[in-house]
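Written out below as structure tokens is the structure these notes cover.
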Amino acid sequence: MYRYDEFDHQLVNERVAQFRGQVARRLSGELTEDEFKPLRLMNGVYLQLHAYMLRVAIPYGTLSSKQLRMLAHIGRKYDRGYGHFTTRQNLQYNWPALKDMPDVLHDLATVEMHAIQTSGNCIRNVTSDQYAGAAKDEIEDPRIVSEIIRQWSTFHPEFSFLPRKFKIAVSGTPDDRAAIRVHDIGIQIVRNGKGEIGYEVYVGGGLGRTPMIGKKIADFVPKEDLLAYLEAVMRVYNMYGRRDNIYKARIKILVHEIGAEEMKRQVDAEFAEIRKTGALHLPAEEVARIQAYFAPPAYETLPDESTELNKAVLADRDFANWVKSNIAAHRVPGYAIVNISLKPIGGTPGDCSSDQMDAVADIAEKYSFDELRVTHEQNLTLADVRKKDLPAVHAALKAAGLATANINLITDQIACPGLDYCALANARSIPLAQQISERFSDLDRQHDIGELKINTSGCINACGHHHVGHIGILGVDKKGVEYYQVTLGGAADEKTAIGDIVGPAFTEEQIVDAIETIVTTYLGLRQPGERFIDTYRRTGIDPFKESLYATH
Amino acid sequence: MAQHSRKGAQFQALTANRLADGIVVYLTADDRWSESLQEADVADGKADGEALLARAQATVATNIVVEPYLFEVTRDEDGIRAASVRETIRQAGPTVRLDLGKQAELPGVHR
């Protein structure tokens, strides 16, 4: 994985020292809250309901064991012994004190981590595919481009005060695990007829109060032109994005208002202009330098079949179930991708204790080349595990309470922190996810239901990605009481869709029963081989409406 | 900043977050900041509420708290209660991880 050079080190250390001074001046009263707030936000520090919250950047979701151990240490020393992995592949601490924040950032800097680009109207931490480097049909490791964009965008003076925040996601496979079509810019790595690698570019996707699917404005941007092209998009946005209304300030509104064709025309014109005046060319040797950091690990030559694995599957039902749901195919024979569910039955989606982080760090060090990934679905991934080691990995995860076998099943839900923690939320998300998880805890039933993604957000800002859940739940506030609105048919993959609102909202008491009614309706309608989303696409919303509201 | 009190609320208390650690606090009758809602000064009626808010805003310059605001409360035999789910959660901690923090120390507030 990428290692800091002297510039990165200097940049991060200077930022820690600067913030230490700013915090001291705030605590002494030299700075007012109005003066200090934008400064703390530039360092990932928010004020939530109960305490400050620190959001730590995990660039494109990749972590070393050493970094994860530091996150565990910070959780223990400055927080309450746990952290929360988010839908942006980051980690949030819910309870740190402002006075400790400079020390936390100092500790993070010792392992090449920080909280830069986790807040504010800048280009945010780039997100990507958790299977990067290991996926079977990968055209190129998306972390190379992601790292290049990270270096280009960090403290970029022209893009530090955009009309609004700006999120970029990169996918290196046709199967989209990074939800690129609901980002401000989505980059799909492609290969053209000549065998050259380049980029398909989508703009104007996003969730929040106005969900939009990104529009493709470029079929093939050559590698050396990527930054120049992104610069052109950013310039058009910076010029025409609305600064008068925060709710209309994202690039999705601009693209929606002028249309994809006009957006493409403007970007192409700006791109041509940039090229004329000395384009920001990406030198091949610099790409090669970054690429070297993501060179494949030292894989052994192994037979694809593992007798150890096959034996263990036959001998241990728990293990067999875990293999069935949590293991994905690897491009190298004899290896597998291991998904670690952070969705135990009745637990908080994305929460991980410091002890669990240490356990995962040890497992990654021993079995997966000392490295792991965070997924935007709030789970962890060990990308490079030998198949013959899977029984040992499972046993170690089980000992740490991390062997829940439910990836992509109904209890593998996304949920934002909601009203239990978040100052913006209108309703709670976590208790709902917990109740749904308990209701569908039976594993045989989960397998019978099959792939089903339930995403819950506690407010319209949609951190819980409810618009793109197969079943989406949005918490709303009606005179101080929580209600839940349900959408159906959303998807965040290569067939991205925004869910349809099924009807009037449900109370907290009704919502879990409503979800069960939706699931039962699907089971009654499905044809052989159909997942929930397939059935929904075939039948539409009417049968679900009928069963939900017929008796109300 | 968002309004958390209902227009026409009869009883209101005053809350803020402590600057140094963000912890939720309430303004008391003798102008201290307490972590306990039960020690909060409760304003009766609109004029009383405005006076309570003015007292809180006067203390902002002393850098003890940030973002003070009024919120609706009710009083019953158990003492002072926040009227909204949001303020109940601020008072008594998240409704999850009941093994930790205020939610472990103040059982019975989340109903």
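Ligands are numbered from 1 in the order shown, residues from 1 within each chain, and chains are lettered A, B, ... in the order they appear in the structure tokens.
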**Message:** Residues of chain A within 7 Å of chain B, counting only C-alpha atoms, what are they? List them as a list of chain:residue names.
**Reply:** A:Leu27, A:Gly29, A:Leu47, A:Leu49, A:His50, A:Ala51, A:Tyr52, A:Ala97, A:Leu98, A:Lys99, A:Leu419, A:Asp420, A:Tyr421, A:Pro431, A:Gly480, A:Val481
Considering only C-alpha atoms, return as a short mmCIF file (atom, residue, chain, number, x, y, z; two decimals) with N, CA, C and O atoms, in the first residue's frame whatever protein or nucleic-acid residues lie within 7 Å of segment 134-145 of chain A, sequence-local ones (same chain, fewer than 5 positions apart) excluded.
```cif
data_model
loop_
_atom_site.label_atom_id
_atom_site.label_comp_id
_atom_site.auth_asym_id
_atom_site.auth_seq_id
_atom_site.Cartn_x
_atom_site.Cartn_y
_atom_site.Cartn_z
N TYR A 60 -9.46 5.54 0.32
CA TYR A 60 -10.01 4.40 -0.43
C TYR A 60 -10.14 3.14 0.42
O TYR A 60 -10.07 2.01 -0.08
N SER A 128 -13.35 3.68 -2.85
CA SER A 128 -13.13 2.72 -3.93
C SER A 128 -13.61 1.32 -3.55
O SER A 128 -14.27 1.14 -2.53
N VAL A 170 -14.09 5.43 -7.27
CA VAL A 170 -13.44 4.76 -8.40
C VAL A 170 -13.73 3.26 -8.35
O VAL A 170 -13.60 2.63 -7.30
N SER A 171 -14.09 2.70 -9.51
CA SER A 171 -14.26 1.25 -9.62
C SER A 171 -13.38 0.71 -10.73
O SER A 171 -13.33 1.29 -11.82
N GLY A 172 -12.71 -0.41 -10.45
CA GLY A 172 -11.83 -1.01 -11.45
C GLY A 172 -12.41 -2.25 -12.10
O GLY A 172 -11.76 -2.89 -12.92
N THR A 173 -13.65 -2.59 -11.72
CA THR A 173 -14.30 -3.77 -12.31
C THR A 173 -15.68 -3.36 -12.83
O THR A 173 -16.25 -2.38 -12.36
N ILE A 189 -12.97 2.45 -14.45
CA ILE A 189 -11.79 2.11 -15.24
C ILE A 189 -12.21 1.16 -16.36
O ILE A 189 -12.90 0.17 -16.12
N VAL A 190 -11.80 1.50 -17.60
CA VAL A 190 -12.20 0.68 -18.76
C VAL A 190 -10.99 0.44 -19.67
O VAL A 190 -9.95 1.08 -19.52
N ILE A 290 3.59 5.47 -8.22
CA ILE A 290 2.43 5.19 -7.35
C ILE A 290 2.00 3.73 -7.51
O ILE A 290 1.71 3.03 -6.53
N GLN A 291 2.01 3.29 -8.77
CA GLN A 291 1.58 1.91 -9.07
C GLN A 291 2.42 0.90 -8.29
O GLN A 291 1.91 -0.11 -7.82
N PHE A 294 1.26 -0.36 -5.07
CA PHE A 294 0.12 -1.28 -5.08
C PHE A 294 0.43 -2.55 -5.88
O PHE A 294 -0.47 -3.22 -6.38
N ALA A 329 -14.65 -14.74 -4.59
CA ALA A 329 -13.62 -15.32 -5.45
C ALA A 329 -12.44 -14.37 -5.62
O ALA A 329 -12.61 -13.16 -5.73
N HIS A 330 -11.25 -14.92 -5.64
CA HIS A 330 -10.01 -14.16 -5.82
C HIS A 330 -9.45 -14.45 -7.20
O HIS A 330 -9.66 -15.52 -7.75
N ARG A 331 -8.72 -13.48 -7.74
CA ARG A 331 -8.19 -13.68 -9.10
C ARG A 331 -7.01 -14.67 -9.12
O ARG A 331 -6.69 -15.22 -10.17
N ALA A 383 -8.28 -8.99 1.84
CA ALA A 383 -8.37 -9.21 0.39
C ALA A 383 -7.58 -10.41 -0.11
O ALA A 383 -7.86 -10.92 -1.20
N ASP A 384 -6.59 -10.88 0.65
CA ASP A 384 -5.68 -11.89 0.08
C ASP A 384 -5.38 -13.02 1.07
O ASP A 384 -4.29 -13.10 1.63
#
```
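The space separating atom CA of Asp444 of chain A from atom CA of Thr404 of chain A comes to 13.5 Å.
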**Request:** Run DSSP on the backbone of this structure and report the residues of segment 33-260 of chain A it assigns to strand (DSSP E), as an MDAnalysis selection string.
**Result:** chainID A and resid 45:47 52:56 62:64 82:85 91:93 127:128 168:171 185:191 197:203 215:222
**Prompt:** If we count only C-alpha atoms, what is near segment 539-542 of chain A at a cut-off of 9 Å, once residues fewer than 3 positions away on the same chain are taken out, given as a PyMOL selection string?
**Reply:** chain A and resi 488-489+500-502+525+534-536+545-547
**Exercise: segment 53-55 of chain B partners within 7 Å, only C-alpha atoms, chain neighbours under 5 positions left out, as a PyMOL selection string** = chain B and resi 14+69-70
For those residues, write N, CA and C atoms to a file as an mmCIF file, in the first residue's frame.
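Output contents, as saved in result_15.cif:
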```cif
data_model
loop_
_atom_site.group_PDB
_atom_site.id
_atom_site.type_symbol
_atom_site.label_atom_id
_atom_site.label_comp_id
_atom_site.auth_asym_id
_atom_site.auth_seq_id
_atom_site.Cartn_x
_atom_site.Cartn_y
_atom_site.Cartn_z
ATOM 1 N N LEU B 14 -32.672 25.144 29.572
ATOM 2 C CA LEU B 14 -31.632 25.685 28.716
ATOM 3 C C LEU B 14 -30.460 24.717 28.680
ATOM 4 N N TYR B 69 -29.269 26.689 23.812
ATOM 5 C CA TYR B 69 -30.628 26.873 23.281
ATOM 6 C C TYR B 69 -31.662 26.348 24.266
ATOM 7 N N LEU B 70 -32.887 26.812 24.081
ATOM 8 C CA LEU B 70 -34.011 26.393 24.929
ATOM 9 C C LEU B 70 -34.645 25.133 24.363
#
```
**A:Val221, A:Ile363, A:Glu196, A:Val374 ranked by distance to Pro59 of chain A, top pick (using only C-alpha atoms)** =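 Checking each of A:Val221, A:Ile363, A:Glu196, A:Val374 against Pro59 of chain A, counting only C-alpha atoms, the winner is A:Val374.
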If we count only C-alpha atoms, what is near Gln10 of chain B at a cut-off of 12 Å, once residues fewer than 3 positions away on the same chain are taken out, given as a short mmCIF file (atom, residue, chain, number, x, y, z; two decimals) with C-alpha atoms, in the first residue's frame?
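File produced: part-v2.cif:
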```
data_model
loop_
_atom_site.label_atom_id
_atom_site.label_comp_id
_atom_site.auth_asym_id
_atom_site.auth_seq_id
_atom_site.Cartn_x
_atom_site.Cartn_y
_atom_site.Cartn_z
CA SER B 5 -38.43 24.12 21.37
CA ARG B 6 -42.07 24.10 20.37
CA LYS B 7 -43.67 27.48 19.88
CA ALA B 13 -34.92 24.45 30.14
CA VAL B 42 -37.04 25.64 34.34
CA ALA B 43 -38.63 28.68 32.75
CA ASP B 44 -42.42 29.01 32.94
CA GLY B 45 -43.86 30.85 29.96
CA LYS B 46 -42.41 32.79 27.06
CA ALA B 47 -41.00 35.81 28.90
CA ASP B 48 -39.31 33.61 31.50
CA GLY B 49 -37.82 31.53 28.67
CA LEU B 70 -34.01 26.39 24.93
CA PHE B 71 -35.94 23.14 24.76
CA GLU B 72 -39.32 22.02 26.01
CA VAL B 73 -39.60 20.01 29.22
CA THR B 74 -42.39 18.57 31.31
CA ARG B 75 -42.46 17.99 35.06
CA ALA B 83 -40.42 16.56 25.76
#
```
Just want the 9 Å neighbourhood of Glu516 of chain A, counted on only C-alpha atoms, with same-chain residues fewer than 5 positions away dropped. Output as a PDB file with C-alpha atoms, in the first residue's frame.
```pdb
ATOM      1  CA  ILE A 436     -34.740  -5.954  11.997  1.00  0.00           C
ATOM      2  CA  ARG A 439     -36.408 -10.403  13.616  1.00  0.00           C
ATOM      3  CA  PHE A 440     -34.516 -12.095  10.779  1.00  0.00           C
ATOM      4  CA  ILE A 511     -41.890  -0.522  10.925  1.00  0.00           C
ATOM      5  CA  THR A 521     -44.750 -10.487  -0.224  1.00  0.00           C
TER       6      THR A 521
END
```
**Request:** Could you find all residues in segment 119-285 of chain A that DSSP calls helix (DSSP H, G or I) from the backbone, and write them as a PyMOL selection string?
**Result:** chain A and resi 142-153+157-159+180-182+223-240+246-248+251-258+260-276+284-285
Could you give me, as a PDB file with N, CA and C atoms, in the first residue's frame, the residues within 10 Å of Thr301 of chain A, counting only C-alpha atoms and dropping anything in the same chain fewer than 6 positions from it?
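Written file, selection33.pdb:
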```pdb
ATOM      1  N   VAL A 332      -6.389 -14.891  -7.949  1.00  0.00           N
ATOM      2  CA  VAL A 332      -5.228 -15.778  -7.899  1.00  0.00           C
ATOM      3  C   VAL A 332      -5.647 -17.156  -7.370  1.00  0.00           C
ATOM      4  N   PRO A 333      -5.267 -18.238  -8.090  1.00  0.00           N
ATOM      5  CA  PRO A 333      -5.654 -19.581  -7.633  1.00  0.00           C
ATOM      6  C   PRO A 333      -5.181 -19.842  -6.198  1.00  0.00           C
ATOM      7  N   GLY A 334      -6.053 -20.486  -5.430  1.00  0.00           N
ATOM      8  CA  GLY A 334      -5.670 -20.858  -4.063  1.00  0.00           C
ATOM      9  C   GLY A 334      -5.900 -19.763  -3.041  1.00  0.00           C
ATOM     10  N   TYR A 335      -6.344 -18.581  -3.508  1.00  0.00           N
ATOM     11  CA  TYR A 335      -6.610 -17.463  -2.594  1.00  0.00           C
ATOM     12  C   TYR A 335      -8.103 -17.116  -2.571  1.00  0.00           C
TER      13      TYR A 335
END
```
**Message:** Please compute the atom CA of Gly205 of chain A-atom CA of Lys252 of chain A distance, one decimal, in Å.
**Reply:** 5.7 Å
**Asked** Interatomic distance between atom CA of Pro163 of chain A and atom CA of Arg243 of chain A?
**Response**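 Value for the atom CA of Pro163 of chain A-atom CA of Arg243 of chain A distance: 5.1 Å.
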